[in-house]
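> First the structure, which I've put down as structure tokens, then a few questions once you've had a look.
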Amino acid sequence: MAGHSQFKNIMHRKGRQDAVRSKMFSKLAREIVVAAKAGLPDPSMNARLRLAINNAKAQSMPKDNIDRAIKKASGGDAENYDEVRYEGYGPGGVAVIVEALTDNRNRTASNVRSCFTKSGGALGETGSVAFMFDHVGEIVYAASVGDADKVMEAAIEAGADDVISDDSGHTIITAFEDINEVSTALEASLGEAESVKAIWRPQTGTPVDEDKAESVMRLIGNLEDDDDVQNVYANFEVDDEVMAKLSAA
């Protein structure tokens, strides 16, 4: 159980610092609406909805907002969102995957393409970069739940595939189809996770220098600013010296 993108933590921290709260809540609400419409509006009977609600709570989304999103979905007056994945290459040949929930595919495709073009990258066909990533489950716990050995033991017992522990917390990786089973087992031993979600995990990284890394981060930031974009993943990596500079920025 080893190995992870060395850039993950800095992107996570910067995302937390830069996120506009209302925009973040809007995206979380959209995921709740889609999850509720895809199954029953009862989280105990709908695993995707349960995960969406837990992630919203982890971001301190008010209960009223969560309840409103569920009622909107069950009332039948919610927009119909399509789940769309875009793939392409950013600065330095970095592979990028963009996940969106949209009620207008033409608008979203145009906006995403524009972000890639302005960054010097190019939007590709679906499947053009996904083969360089693994679609897996990611379960995140705060460092306070215990030391690395405790979390590793719990993860192995739960059937997880990988654990990354550092000062910022613990990230547990599991097969996509095992997300619910593993997260339920971990909740019994470690308590409620900070987040549980499916992610695209790079199989290998594309090395970039500081300038290219900053360009890729701008691309990711511009994509995440779009209301329709839910998640962005990239396979770039930098050396320790560049990471230190970017962390301090």
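Letters A, B, ... go to the chains of the structure tokens in the order shown; residues in each chain start at 1; ligands are counted from 1 in the same order.
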Sort by chain and increasing residue number a table of all residues of segment 34-82 of chain A within 12 Å of segment 169-193 of chain A, each with its closest pair of atoms and their distance in Å to one decimal, counting only C-alpha atoms, and write it as CSV.

residue,atom,partner,partner_atom,distance
A:Ser44,CA,A:Asn180,CA,12.0
A:Asn46,CA,A:Asn180,CA,10.7
A:Ala47,CA,A:Asn180,CA,7.0
A:Arg48,CA,A:Asn180,CA,8.8
A:Leu49,CA,A:Asn180,CA,11.5
A:Arg50,CA,A:Asn180,CA,9.7
A:Leu51,CA,A:Asn180,CA,8.5
A:Asn54,CA,A:Ala193,CA,8.3
A:Asn55,CA,A:Ala193,CA,8.8
A:Ala56,CA,A:Ala193,CA,11.8
A:Lys57,CA,A:Ala193,CA,10.4
A:Ala58,CA,A:Ala193,CA,8.2
A:Gln59,CA,A:Ala193,CA,11.7
> Please produce a file of those selected residues containing N, CA, C and O atoms, as a short mmCIF file (atom, residue, chain, number, x, y, z; two decimals), in the first residue's frame.

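Below you can see part.cif, which holds the result:
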data_model
loop_
_atom_site.label_atom_id
_atom_site.label_comp_id
_atom_site.auth_asym_id
_atom_site.auth_seq_id
_atom_site.Cartn_x
_atom_site.Cartn_y
_atom_site.Cartn_z
N SER A 44 -30.67 6.61 3.38
CA SER A 44 -30.46 5.26 3.90
C SER A 44 -30.71 4.20 2.83
O SER A 44 -30.28 3.05 2.95
N ASN A 46 -30.21 5.09 -0.58
CA ASN A 46 -29.55 5.60 -1.78
C ASN A 46 -28.10 5.92 -1.43
O ASN A 46 -27.80 6.95 -0.83
N ALA A 47 -27.18 5.02 -1.81
CA ALA A 47 -25.77 5.15 -1.42
C ALA A 47 -25.15 6.42 -1.99
O ALA A 47 -24.39 7.11 -1.29
N ARG A 48 -25.47 6.74 -3.24
CA ARG A 48 -24.88 7.94 -3.84
C ARG A 48 -25.34 9.19 -3.12
O ARG A 48 -24.56 10.11 -2.89
N LEU A 49 -26.62 9.23 -2.77
CA LEU A 49 -27.14 10.39 -2.04
C LEU A 49 -26.50 10.50 -0.67
O LEU A 49 -26.16 11.60 -0.21
N ARG A 50 -26.30 9.36 -0.01
CA ARG A 50 -25.67 9.37 1.31
C ARG A 50 -24.26 9.95 1.23
O ARG A 50 -23.86 10.77 2.08
N LEU A 51 -23.51 9.56 0.21
CA LEU A 51 -22.15 10.08 0.04
C LEU A 51 -22.19 11.57 -0.25
O LEU A 51 -21.37 12.34 0.28
N ASN A 54 -22.94 13.43 2.97
CA ASN A 54 -21.80 13.40 3.89
C ASN A 54 -20.71 14.37 3.44
O ASN A 54 -20.09 15.05 4.26
N ASN A 55 -20.47 14.44 2.14
CA ASN A 55 -19.46 15.36 1.63
C ASN A 55 -19.89 16.81 1.80
O ASN A 55 -19.07 17.68 2.07
N ALA A 56 -21.19 17.07 1.66
CA ALA A 56 -21.70 18.42 1.88
C ALA A 56 -21.53 18.82 3.34
O ALA A 56 -21.13 19.95 3.65
N LYS A 57 -21.81 17.89 4.24
CA LYS A 57 -21.64 18.17 5.67
C LYS A 57 -20.17 18.41 6.01
O LYS A 57 -19.85 19.27 6.84
N ALA A 58 -19.28 17.66 5.35
CA ALA A 58 -17.84 17.82 5.60
C ALA A 58 -17.36 19.21 5.21
O ALA A 58 -16.38 19.72 5.75
N GLN A 59 -18.07 19.85 4.26
CA GLN A 59 -17.73 21.21 3.83
C GLN A 59 -18.56 22.26 4.58
O GLN A 59 -18.61 23.42 4.17
#
> Step one, run DSSP on the backbone; step two, keep only residues of segment 74-145 of chain A assigned to alpha helix (DSSP H); then write them as JSON, numbers by chain.
{"A": [74, 75, 105, 106, 107, 108, 109, 110, 111, 112, 113, 114, 115, 116, 117, 118]}
> Taking 2 positions as the minimum chain separation for residues in the same chain, which residues sit within 10 Å of segment 146-152 of chain A when counting only C-alpha atoms? Answer as a ChimeraX atom specification.
/A:1,141-144,154-158,160,162-167,169-172,186,189-190
> Can those selected residues be exported to a file as a short mmCIF file (atom, residue, chain, number, x, y, z; two decimals), in the first residue's frame so that it contains C-alpha atoms?

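Resulting contents of again18.cif:
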data_model
loop_
_atom_site.label_atom_id
_atom_site.label_comp_id
_atom_site.auth_asym_id
_atom_site.auth_seq_id
_atom_site.Cartn_x
_atom_site.Cartn_y
_atom_site.Cartn_z
CA MET A 1 0.00 0.00 0.00
CA TYR A 141 -9.81 11.19 7.36
CA ALA A 142 -8.34 13.91 9.55
CA ALA A 143 -4.98 13.24 11.18
CA SER A 144 -6.73 13.30 14.56
CA ALA A 154 -8.37 -0.36 9.76
CA ALA A 155 -7.98 0.07 6.00
CA ILE A 156 -6.61 -3.45 5.50
CA GLU A 157 -9.45 -4.91 7.57
CA ALA A 158 -11.96 -2.93 5.52
CA ALA A 160 -8.94 -0.99 0.99
CA ASP A 162 -3.88 1.90 -0.51
CA VAL A 163 -3.28 4.34 2.35
CA ILE A 164 -1.42 7.64 2.24
CA SER A 165 -0.77 9.23 5.63
CA ASP A 166 0.97 12.53 6.32
CA ASP A 167 0.65 15.51 8.65
CA GLY A 169 -4.43 13.50 7.35
CA HIS A 170 -5.07 10.06 5.89
CA THR A 171 -6.23 9.23 2.38
CA ILE A 172 -7.52 5.71 1.79
CA LEU A 186 -14.09 2.30 8.10
CA SER A 189 -13.70 1.59 13.21
CA LEU A 190 -12.58 5.21 12.63
#
> Expressed in Å to a single decimal, how great is the separation between atom CA of Phe133 of chain A and atom CA of Gly205 of chain A?
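Taking atom CA of Phe133 of chain A as the start and atom CA of Gly205 of chain A as the end point, the length is 9.9 Å.
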> Using only C-alpha atoms, determine which residues lie at most 9 Å from segment 234-249 of chain A, disregarding the query and same-chain residues fewer than 6 positions distant; provide the list as a PyMOL selection string.
chain A and resi 5-7+10+13-14+89-90+92-98+132-133+200-210+213-214+216+220
> For Gly88 of chain A, which of A:Ser119, A:Ser26, A:Ser168, A:Thr102 is the closest residue, counting only C-alpha atoms?
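Ranking A:Ser119, A:Ser26, A:Ser168, A:Thr102 by distance to Gly88 of chain A, first place goes to A:Ser119.
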> Restricting the calculation to only C-alpha atoms, which member of A:Ala38, A:Ala52, A:Leu219, A:Ile199 is positioned closest to Ala130 of chain A?
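The closest residue to Ala130 of chain A is A:Ile199.
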> Choose the residue, out of A:Asp228, A:Ala109, A:Val33, A:Met45, that has the smallest atom-to-atom separation from Gly75 of chain A; count only C-alpha atoms.
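For Gly75 of chain A, the nearest of the candidates is A:Val33.
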> Between atom CA of Ile139 of chain A and atom CA of Val196 of chain A, what distance in Å does the model show, to one decimal?
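Pair atom CA of Ile139 of chain A / atom CA of Val196 of chain A returns 4.5 Å.
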> Point out the residue among A:Met24, A:Val136, A:Ala35, A:Val84 with the least atom-to-atom distance to Ser60 of chain A, counting only C-alpha atoms.
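Answer, going by the shortest atom-to-atom distance: A:Met24.
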> Which of these, A:Glu99, A:Glu194, A:Asp134, A:Glu87, has the shortest distance to Phe116 of chain A once you count only C-alpha atoms?
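Going through A:Glu99, A:Glu194, A:Asp134, A:Glu87 one by one, the smallest distance to Phe116 of chain A is for A:Glu87.
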> Would you mind telling me which residue in A:Pro41, A:Pro62, A:Gly159, A:Gly127 lies nearest to Leu28 of chain A when using only C-alpha atoms?
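Checking each candidate against Leu28 of chain A, we get A:Pro62 as the closest.
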> Rounded to one decimal, what separation in Å do you get between atom CA of Asn106 of chain A and atom CA of Gly39 of chain A?
26.5 Å
